[in-house]
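Shown here: run14.cif, mmCIF, C-alpha atoms and all ligand atoms.
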```cif
data_query
loop_
_atom_site.label_atom_id
_atom_site.label_comp_id
_atom_site.auth_asym_id
_atom_site.auth_seq_id
_atom_site.Cartn_x
_atom_site.Cartn_y
_atom_site.Cartn_z
CA MET A 1 116.56 124.53 113.23
CA LEU A 2 113.65 122.35 114.30
CA SER A 3 110.87 121.67 111.85
CA PHE A 4 107.61 119.83 112.41
CA GLU A 5 105.66 118.23 109.62
CA ILE A 6 101.91 117.63 109.59
CA THR A 7 101.24 114.06 110.66
CA PHE A 8 98.69 111.79 109.02
CA MET A 9 96.56 111.94 112.18
CA ASP A 10 96.60 115.79 112.18
CA PHE A 11 95.62 115.71 108.54
CA LEU A 12 92.79 113.25 109.10
CA LEU A 13 91.47 115.01 112.20
CA GLU A 14 91.24 118.25 110.25
CA HIS A 15 89.52 116.44 107.37
CA GLN A 16 86.94 114.80 109.65
CA GLU A 17 86.22 118.05 111.49
CA ARG A 18 85.91 120.05 108.28
CA HIS A 19 83.27 117.60 107.07
CA GLY A 20 81.48 117.32 110.41
CA ARG A 21 82.28 113.64 110.75
CA THR A 22 82.61 111.41 113.80
CA TYR A 23 85.93 110.26 115.24
CA HIS A 24 85.22 106.59 114.61
CA PHE A 25 87.16 106.62 111.36
CA LEU A 26 90.17 108.14 113.11
CA ILE A 27 90.14 105.35 115.66
CA LEU A 28 90.00 102.79 112.87
CA MET A 29 92.85 104.47 110.97
CA ASN A 30 94.93 104.61 114.15
CA SER A 31 94.62 100.83 114.40
CA ILE A 32 95.65 100.42 110.75
CA LEU A 33 98.69 102.63 111.29
CA ASN A 34 99.67 100.62 114.37
CA ALA A 35 99.38 97.44 112.35
CA ALA A 36 101.51 98.84 109.52
CA LYS A 37 104.28 99.95 111.88
CA ARG A 38 104.38 96.55 113.52
CA ILE A 39 104.50 94.76 110.15
CA GLN A 40 107.27 97.14 109.11
CA HIS A 41 109.23 96.14 112.22
CA TYR A 42 108.83 92.40 111.62
CA TYR A 43 109.75 92.85 107.97
CA LEU A 44 112.90 94.83 108.69
CA THR A 45 114.13 92.22 111.15
CA GLY A 46 112.73 89.21 109.27
CA ALA A 47 116.08 88.01 107.97
CA LEU A 48 117.63 88.09 111.46
CA HIS A 49 114.84 86.09 113.05
CA GLY A 50 114.45 83.53 110.29
CA ASN A 51 111.04 84.87 109.32
CA LEU A 52 111.54 85.20 105.58
CA GLY A 53 110.72 81.59 104.66
CA LEU A 54 107.67 79.46 104.08
CA SER A 55 105.26 78.66 106.89
CA GLY A 56 104.49 75.20 105.53
CA CYS A 57 100.79 75.98 104.96
CA LEU A 58 98.67 76.67 101.86
CA ASN A 59 96.23 79.57 101.81
CA VAL A 60 92.64 79.68 100.52
CA GLN A 61 93.90 80.07 96.97
CA GLY A 62 96.13 76.99 97.36
CA GLU A 63 99.27 79.16 97.35
CA ARG A 64 102.21 78.58 99.65
CA VAL A 65 102.08 80.84 102.69
CA MET A 66 105.19 82.61 103.97
CA LYS A 67 105.81 83.07 107.70
CA LEU A 68 105.48 86.80 107.26
CA ASP A 69 102.06 86.41 105.56
CA GLU A 70 100.86 84.77 108.76
CA ILE A 71 102.54 87.25 111.08
CA ALA A 72 101.19 90.25 109.15
CA ASN A 73 97.69 88.78 109.08
CA ALA A 74 97.71 88.18 112.84
CA VAL A 75 98.95 91.74 113.43
CA VAL A 76 96.25 93.35 111.28
CA LYS A 77 93.52 91.20 112.81
CA HIS A 78 94.59 92.12 116.32
CA TYR A 79 94.59 95.87 115.75
CA LEU A 80 91.35 95.94 113.74
CA ALA A 81 89.52 93.98 116.44
CA ARG A 82 91.08 96.15 119.15
CA SER A 83 89.75 99.31 117.49
CA GLY A 84 86.20 98.15 118.27
CA ARG A 85 85.08 99.79 115.03
CA VAL A 86 85.08 96.87 112.60
CA ILE A 87 82.04 94.64 112.18
CA TYR A 88 83.64 92.28 109.63
CA ALA A 89 87.03 91.99 108.01
CA VAL A 90 88.09 90.09 104.90
CA SER A 91 91.70 88.98 104.59
CA GLU A 92 93.56 87.43 101.70
CA GLU A 93 94.87 84.93 104.22
CA GLU A 94 91.50 83.68 105.48
CA GLU A 95 88.86 81.78 103.59
CA ASP A 96 85.88 83.08 105.55
CA ILE A 97 84.78 86.49 106.59
CA ILE A 98 86.18 87.46 110.01
CA PRO A 99 83.51 88.65 112.46
CA MET A 100 84.87 91.33 114.83
CA ASN A 101 82.63 93.72 116.77
CA ALA A 102 78.86 93.45 116.40
CA SER A 103 78.48 97.21 116.88
CA GLY A 104 81.36 98.07 114.50
CA ARG A 105 80.67 100.61 111.73
CA TYR A 106 83.14 99.46 109.09
CA PHE A 107 84.10 96.59 106.81
CA VAL A 108 87.81 96.30 106.16
CA TYR A 109 89.16 94.30 103.22
CA TYR A 110 92.88 93.74 103.42
CA ASP A 111 95.92 91.99 102.04
CA PRO A 112 98.44 92.13 104.89
CA MET A 113 101.48 91.29 102.79
CA ASP A 114 101.05 91.56 99.05
CA GLY A 115 103.83 90.64 96.64
CA SER A 116 104.99 87.59 98.57
CA SER A 117 107.66 86.66 96.01
CA ASN A 118 109.66 89.64 97.30
CA ILE A 119 109.67 88.43 100.92
CA PRO A 120 112.74 86.11 100.73
CA HIS A 121 114.72 89.07 99.37
CA ASN A 122 113.44 91.64 101.90
CA LEU A 123 112.38 93.74 98.90
CA PRO A 124 109.25 95.89 98.93
CA VAL A 125 105.84 94.38 99.63
CA GLY A 126 102.50 96.02 100.31
CA PHE A 127 99.87 96.15 103.01
CA LEU A 128 96.68 97.05 101.13
CA PHE A 129 93.30 97.90 102.61
CA GLY A 130 89.85 99.10 101.54
CA ILE A 131 87.18 100.38 103.91
CA ALA A 132 83.41 100.46 103.46
CA LYS A 133 80.76 101.54 105.93
CA ARG A 134 77.96 99.27 107.10
CA ASN A 135 74.37 100.30 106.57
CA LEU A 136 73.66 102.20 109.77
CA GLU A 137 70.00 102.94 109.07
CA GLY A 138 68.55 99.51 108.47
CA PRO A 139 69.48 95.87 108.34
CA GLU A 140 72.93 95.21 106.92
CA ASP A 141 72.67 94.02 103.35
CA GLY A 142 75.98 92.16 103.27
CA HIS A 143 79.63 92.88 103.02
CA LEU A 144 80.32 92.34 99.32
CA ARG A 145 80.77 95.97 98.36
CA ALA A 146 81.90 97.33 95.01
CA GLY A 147 84.94 99.64 95.07
CA GLN A 148 82.73 102.65 94.35
CA ASP A 149 81.16 102.09 97.78
CA TYR A 150 84.47 102.22 99.64
CA ILE A 151 84.98 105.32 101.73
CA ALA A 152 88.76 105.00 101.77
CA ALA A 153 91.51 102.77 100.44
CA GLY A 154 95.23 102.80 101.00
CA MET A 155 98.55 101.04 100.87
CA PHE A 156 101.79 100.94 102.81
CA VAL A 157 104.88 100.06 100.84
CA ILE A 158 106.90 98.06 103.34
CA PRO A 159 109.68 98.59 104.35
CA THR A 160 110.14 101.81 102.36
CA GLY A 161 108.07 103.82 104.84
CA THR A 162 105.58 105.27 102.39
CA PHE A 163 101.85 105.33 102.94
CA THR A 164 99.30 106.42 100.35
CA ILE A 165 95.61 106.80 101.07
CA ALA A 166 92.60 107.99 99.10
CA LEU A 167 89.53 109.38 100.84
CA LYS A 168 86.28 109.36 98.93
CA GLU A 169 85.95 112.55 96.86
CA ALA A 170 88.84 114.11 98.80
CA GLY A 171 91.83 113.01 96.75
CA CYS A 172 94.76 110.67 97.03
CA TRP A 173 97.54 111.58 99.46
CA ARG A 174 101.01 110.26 100.15
CA PHE A 175 102.88 110.33 103.48
CA ASN A 176 106.43 109.39 104.46
CA ILE A 177 107.59 107.84 107.70
CA ASP A 178 109.72 110.05 109.98
CA GLU A 179 112.31 109.32 112.68
CA THR A 180 109.58 108.72 115.25
CA MET A 181 107.68 106.25 113.02
CA ASN A 182 104.96 108.78 112.28
CA TYR A 183 103.64 109.16 108.75
CA VAL A 184 104.01 112.84 107.88
CA LYS A 185 103.98 115.49 105.16
CA PRO A 186 100.80 115.00 103.10
CA THR A 187 101.42 115.28 99.38
CA ARG A 188 98.48 115.27 96.99
CA MET A 189 98.91 112.67 94.25
CA LYS A 190 97.71 113.49 90.74
CA LEU A 191 98.65 111.38 87.76
CA PRO A 192 100.77 113.56 85.43
CA ASP A 193 99.19 114.52 82.10
CA ASP A 194 102.53 114.72 80.30
CA PRO A 195 103.36 111.29 78.79
CA LYS A 196 107.10 112.05 79.07
CA THR A 197 107.35 110.19 82.39
CA TRP A 198 104.78 107.47 81.75
CA GLU A 199 105.77 103.87 82.39
CA LEU A 200 104.32 100.45 81.69
CA SER A 201 104.37 97.76 84.34
CA PHE A 202 103.44 94.12 83.72
CA ASN A 203 104.88 90.62 83.87
CA SER A 204 106.36 90.37 80.40
CA ALA A 205 106.92 86.61 80.74
CA HIS A 206 103.18 86.20 80.19
CA ARG A 207 102.83 88.42 77.11
CA ASP A 208 102.32 85.58 74.61
CA TYR A 209 99.38 84.34 76.65
CA PHE A 210 97.47 87.63 76.77
CA ALA A 211 94.31 88.06 74.65
CA ASN A 212 94.85 89.24 71.06
CA GLY A 213 93.78 92.84 71.62
CA VAL A 214 96.19 93.24 74.52
CA ARG A 215 99.12 91.75 72.58
CA GLU A 216 98.31 94.02 69.67
CA TRP A 217 98.19 97.12 71.88
CA LEU A 218 101.54 96.21 73.39
CA GLU A 219 103.14 95.68 69.99
CA GLU A 220 101.93 99.08 68.79
CA ASN A 221 102.63 101.09 71.94
CA GLU A 222 105.10 99.65 74.40
CA LYS A 223 108.21 101.17 72.84
CA LYS A 224 106.89 104.64 73.63
CA TYR A 225 107.28 104.16 77.37
CA GLN A 226 109.77 103.07 79.99
CA PHE A 227 109.15 99.63 81.47
CA ARG A 228 109.36 98.91 85.22
CA TYR A 229 108.20 95.85 87.17
CA LEU A 230 108.82 95.01 90.81
CA GLY A 231 106.32 92.16 91.12
CA ALA A 232 104.51 93.73 94.08
CA LEU A 233 101.39 95.65 93.17
CA ALA A 234 101.84 98.32 95.87
CA GLY A 235 105.36 99.17 94.69
CA ASP A 236 104.51 99.06 91.00
CA PHE A 237 101.42 101.19 91.48
CA HIS A 238 103.39 103.57 93.72
CA ARG A 239 105.58 104.44 90.70
CA ILE A 240 102.61 104.76 88.34
CA LEU A 241 100.92 107.20 90.75
CA THR A 242 103.96 109.45 90.57
CA ASN A 243 105.08 108.99 86.97
CA GLY A 244 101.85 108.05 85.21
CA GLY A 245 101.43 105.23 82.70
CA MET A 246 99.72 101.91 83.17
CA PHE A 247 99.97 98.80 85.32
CA LEU A 248 98.50 95.73 83.63
CA TYR A 249 97.74 92.29 84.96
CA PRO A 250 95.73 90.92 82.01
CA ALA A 251 93.82 87.66 81.91
CA ILE A 252 96.04 84.75 80.85
CA VAL A 253 94.05 83.00 78.13
CA ASN A 254 96.45 81.48 75.61
CA HIS A 255 98.80 79.40 77.74
CA PRO A 256 99.82 76.10 76.07
CA ASP A 257 99.12 74.42 79.41
CA PRO A 258 95.44 75.25 80.00
CA LYS A 259 95.92 74.70 83.73
CA LYS A 260 98.12 77.81 83.73
CA ASN A 261 95.43 80.06 82.26
CA TYR A 262 93.84 82.68 84.51
CA PRO A 263 90.77 83.70 82.48
CA GLN A 264 89.55 85.64 85.51
CA GLY A 265 92.93 87.34 85.98
CA LYS A 266 95.24 86.80 88.95
CA LEU A 267 94.66 89.72 91.28
CA ARG A 268 91.91 89.67 93.88
CA LEU A 269 89.13 92.20 93.49
CA MET A 270 88.19 93.28 97.00
CA TYR A 271 91.55 93.78 98.67
CA GLU A 272 93.92 94.28 95.73
CA ALA A 273 92.35 95.57 92.48
CA ALA A 274 89.53 97.67 93.99
CA VAL A 275 91.94 99.21 96.52
CA VAL A 276 94.42 100.49 93.95
CA SER A 277 91.60 101.42 91.54
CA PHE A 278 89.97 103.58 94.22
CA MET A 279 93.28 105.36 94.82
CA CYS A 280 93.89 105.72 91.09
CA HIS A 281 90.43 107.22 90.56
CA GLU A 282 91.02 109.81 93.30
CA ALA A 283 94.34 110.66 91.61
CA GLY A 284 92.57 111.33 88.29
CA GLY A 285 93.13 107.92 86.69
CA GLU A 286 91.05 104.96 85.70
CA ALA A 287 90.93 101.16 86.00
CA VAL A 288 89.09 98.49 84.00
CA ASP A 289 88.86 94.71 83.86
CA GLU A 290 89.24 92.37 80.87
CA ASP A 291 85.79 93.33 79.58
CA GLY A 292 86.56 97.03 79.86
CA ARG A 293 84.24 97.41 82.87
CA PRO A 294 85.28 99.96 85.50
CA ILE A 295 86.81 97.96 88.35
CA LEU A 296 85.04 100.20 90.85
CA SER A 297 81.63 99.18 89.48
CA ILE A 298 82.13 95.43 89.98
CA ARG A 299 80.18 94.06 92.89
CA PRO A 300 81.99 90.93 94.08
CA GLU A 301 80.12 87.67 94.27
CA ASN A 302 82.62 86.11 96.61
CA LEU A 303 85.32 87.26 98.98
CA HIS A 304 88.31 86.10 96.99
CA GLN A 305 87.07 86.86 93.48
CA ARG A 306 89.80 87.53 90.94
CA THR A 307 89.94 90.09 88.17
CA ALA A 308 92.18 91.24 85.36
CA LEU A 309 93.41 94.79 85.89
CA TYR A 310 94.37 97.71 83.62
CA LEU A 311 95.17 100.67 85.87
CA GLY A 312 96.63 104.14 85.47
CA SER A 313 96.54 107.21 83.24
CA LYS A 314 93.16 107.65 81.58
CA PRO A 315 94.33 107.92 77.95
CA LEU A 316 96.21 104.60 78.15
CA VAL A 317 93.43 102.77 79.96
CA GLU A 318 90.96 104.12 77.38
CA GLU A 319 93.17 102.94 74.50
CA ILE A 320 93.37 99.45 75.86
CA ARG A 321 89.69 99.42 76.71
CA GLU A 322 88.94 99.97 73.01
CA LYS A 323 91.11 96.99 72.11
CA LEU A 324 89.43 94.86 74.75
CA ASN A 325 86.05 95.77 73.32
CA THR A 326 86.79 94.98 69.68
CA ARG A 327 85.92 91.66 68.08
CA LYS A 328 89.64 91.14 67.46
CA ASN A 329 90.10 90.54 71.14
CA ILE A 330 88.32 87.21 70.83
CA ARG A 331 90.82 84.58 71.85
P1 LIG D 1 100.28 87.63 96.18
O1 LIG D 1 99.03 88.16 96.83
O2 LIG D 1 100.34 86.13 96.17
O3 LIG D 1 101.51 88.27 96.69
O4 LIG D 1 100.13 88.00 94.61
C1 LIG D 1 99.81 89.29 94.23
C2 LIG D 1 101.00 89.88 93.52
C3 LIG D 1 100.88 91.36 93.25
O5 LIG D 1 101.43 92.15 94.24
C4 LIG D 1 101.70 91.50 91.98
O6 LIG D 1 101.27 92.60 91.22
C5 LIG D 1 101.48 90.20 91.28
O7 LIG D 1 101.07 89.27 92.27
C6 LIG D 1 102.73 89.70 90.64
O8 LIG D 1 102.46 88.50 90.00
P2 LIG D 1 103.58 87.79 89.08
O9 LIG D 1 104.56 87.22 90.03
O10 LIG D 1 102.80 86.78 88.33
O11 LIG D 1 104.16 88.83 88.18
MG MG D 2 98.07 89.59 97.57
#
```

Would you give me this structure, written as structure tokens?
Ligand code: AHM
Ligand code: MG
Amino acid sequence: MLSFEITFMDFLLEHQERHGRTYHFLILMNSILNAAKRIQHYYLTGALHGNLGLSGCLNVQGERVMKLDEIANAVVKHYLARSGRVIYAVSEEEEDIIPMNASGRYFVYYDPMDGSSNIPHNLPVGFLFGIAKRNLEGPEDGHLRAGQDYIAAGMFVIPTGTFTIALKEAGCWRFNIDETMNYVKPTRMKLPDDPKTWELSFNSAHRDYFANGVREWLEENEKKYQFRYLGALAGDFHRILTNGGMFLYPAIVNHPDPKKNYPQGKLRLMYEAAVVSFMCHEAGGEAVDEDGRPILSIRPENLHQRTALYLGSKPLVEEIREKLNTRKNIR
């Protein structure tokens, strides 16, 4: 018996028509899907072609770049430019803003291959993106948009074949890849209210270096939940979206070697933290930084700005926000 699932493009077309929107966004999303499929292909065959190692270069953050970081970045850049719909893009892999099409309507902020430590093992990584619209009425006021101004944000977990996207005020939806490499079967994602399935996800090796309030919250609460950590934000957040709980990447403030402190957090705001926070918000959750500020309200001052991140089910994020706000949190 043949069965045909709704594809992502069917879903999006219906959404755009229902809201009387143009097709420009569809064209942009088609380019992002093409990029994801191509990255998926290179990732699946990376071991065979010797593409799982280092490229020999350092990126803008001074981190070692993998060959697949470079390949994925080139792929995304190609398809975004080809869409003709992007005025500027921002990539984790490039220091400067990337000018694309002067008449483009959108800004795209992306991390083409997030969770690089998983690459040598061919384990899951993410392709994360956030989209904002340029000011169409008057002069463009810049590209440094807060997450609350994104119109969509999404992530592919590569090579698992899952794609999750949130559309502003229209929810967070998950799709799965089919035999023909189409993403199909929209499933609405809502963080579960029942704490029975909630999980915590963080790099426990750093726990002694977290601020006092965070350590205290962990001591009091962590035994209540399962613990899972993949080391790739897209994969870790993928689980939290289904099971509920909280992903934390706190500021590192108490390291004995001060050079290893990350008082601003590790994750990048525009193409990592704001992307997952936008999705989380559309799924009924919340996300804050080390000062308890909503991630979505932070307007970046530079392209590669970092932030701490507390992300997931509202009650847990609220609990930790209280700890972050108390005087006890002073380091
Ligand atoms: P990357 O952009 O260099 O891959 O770093 C981002 C990744 C996230 O995917 C993940 O949540 C985090 O870094 C893991 O960091 P750690 O290895 O310190 O646990
Ligand atoms: Mg990254």

Residues within 7 Å of stretch 305-313 of chain A, all atoms listed in the file, excluding chain neighbours under 4 positions, as a PyMOL selection string: chain A and resi 191+240+244-251+264-269+273+277+280+285-290+300+317

Contacts with ligand MG 2 (chain D) at most 6 Å, only C-alpha atoms and all ligand atoms counted, listed as an MDAnalysis selection string: chainID A and resid 111 114:115

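You will find atom CA of A:Glu95 at 5.3 Å from atom CA of A:Val60.
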
Anything within 7 Å of (82.9, 103.3, 114.2): list those residues as an NGL selection string, counting only C-alpha atoms and sticking to the file's coordinates. :A and (24-25 or 85-86 or 104-106)

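Considering all atoms listed in the file, every residue of the polymer chains approaching ligand LIG 1 (chain D) to 7 Å or closer is listed here: Met113, Asp114, Gly115, Ser116, Ser117, Phe202, Asn203, Gly231, Ala232, Leu233, Ala234 and Leu267 of chain A.
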
Polymer residues at most 10 Å from A:Ile98, all atoms listed in the file, same-chain spacing of 3 or more positions, as an MDAnalysis selection string: chainID A and resid 77 81 86:91 94:95 101 107:108

File of the preceding selection, C-alpha atoms, as a tab-separated table (two decimals), in the coordinates of the input:
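part.tsv was written with the following content:
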```tsv
chain	number	residue	atom	x	y	z
A	77	LYS	CA	93.52	91.20	112.81
A	81	ALA	CA	89.52	93.98	116.44
A	86	VAL	CA	85.08	96.87	112.60
A	87	ILE	CA	82.04	94.64	112.18
A	88	TYR	CA	83.64	92.28	109.63
A	89	ALA	CA	87.03	91.99	108.01
A	90	VAL	CA	88.09	90.09	104.90
A	91	SER	CA	91.70	88.98	104.59
A	94	GLU	CA	91.50	83.68	105.48
A	95	GLU	CA	88.86	81.78	103.59
A	101	ASN	CA	82.63	93.72	116.77
A	107	PHE	CA	84.10	96.59	106.81
A	108	VAL	CA	87.81	96.30	106.16
```

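Atom to atom, atom CA of A:Val75 and atom CA of A:Ala35 stand 5.8 Å apart.
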
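You will find atom CA of A:Phe156 at 24.1 Å from atom CA of A:Ile298.
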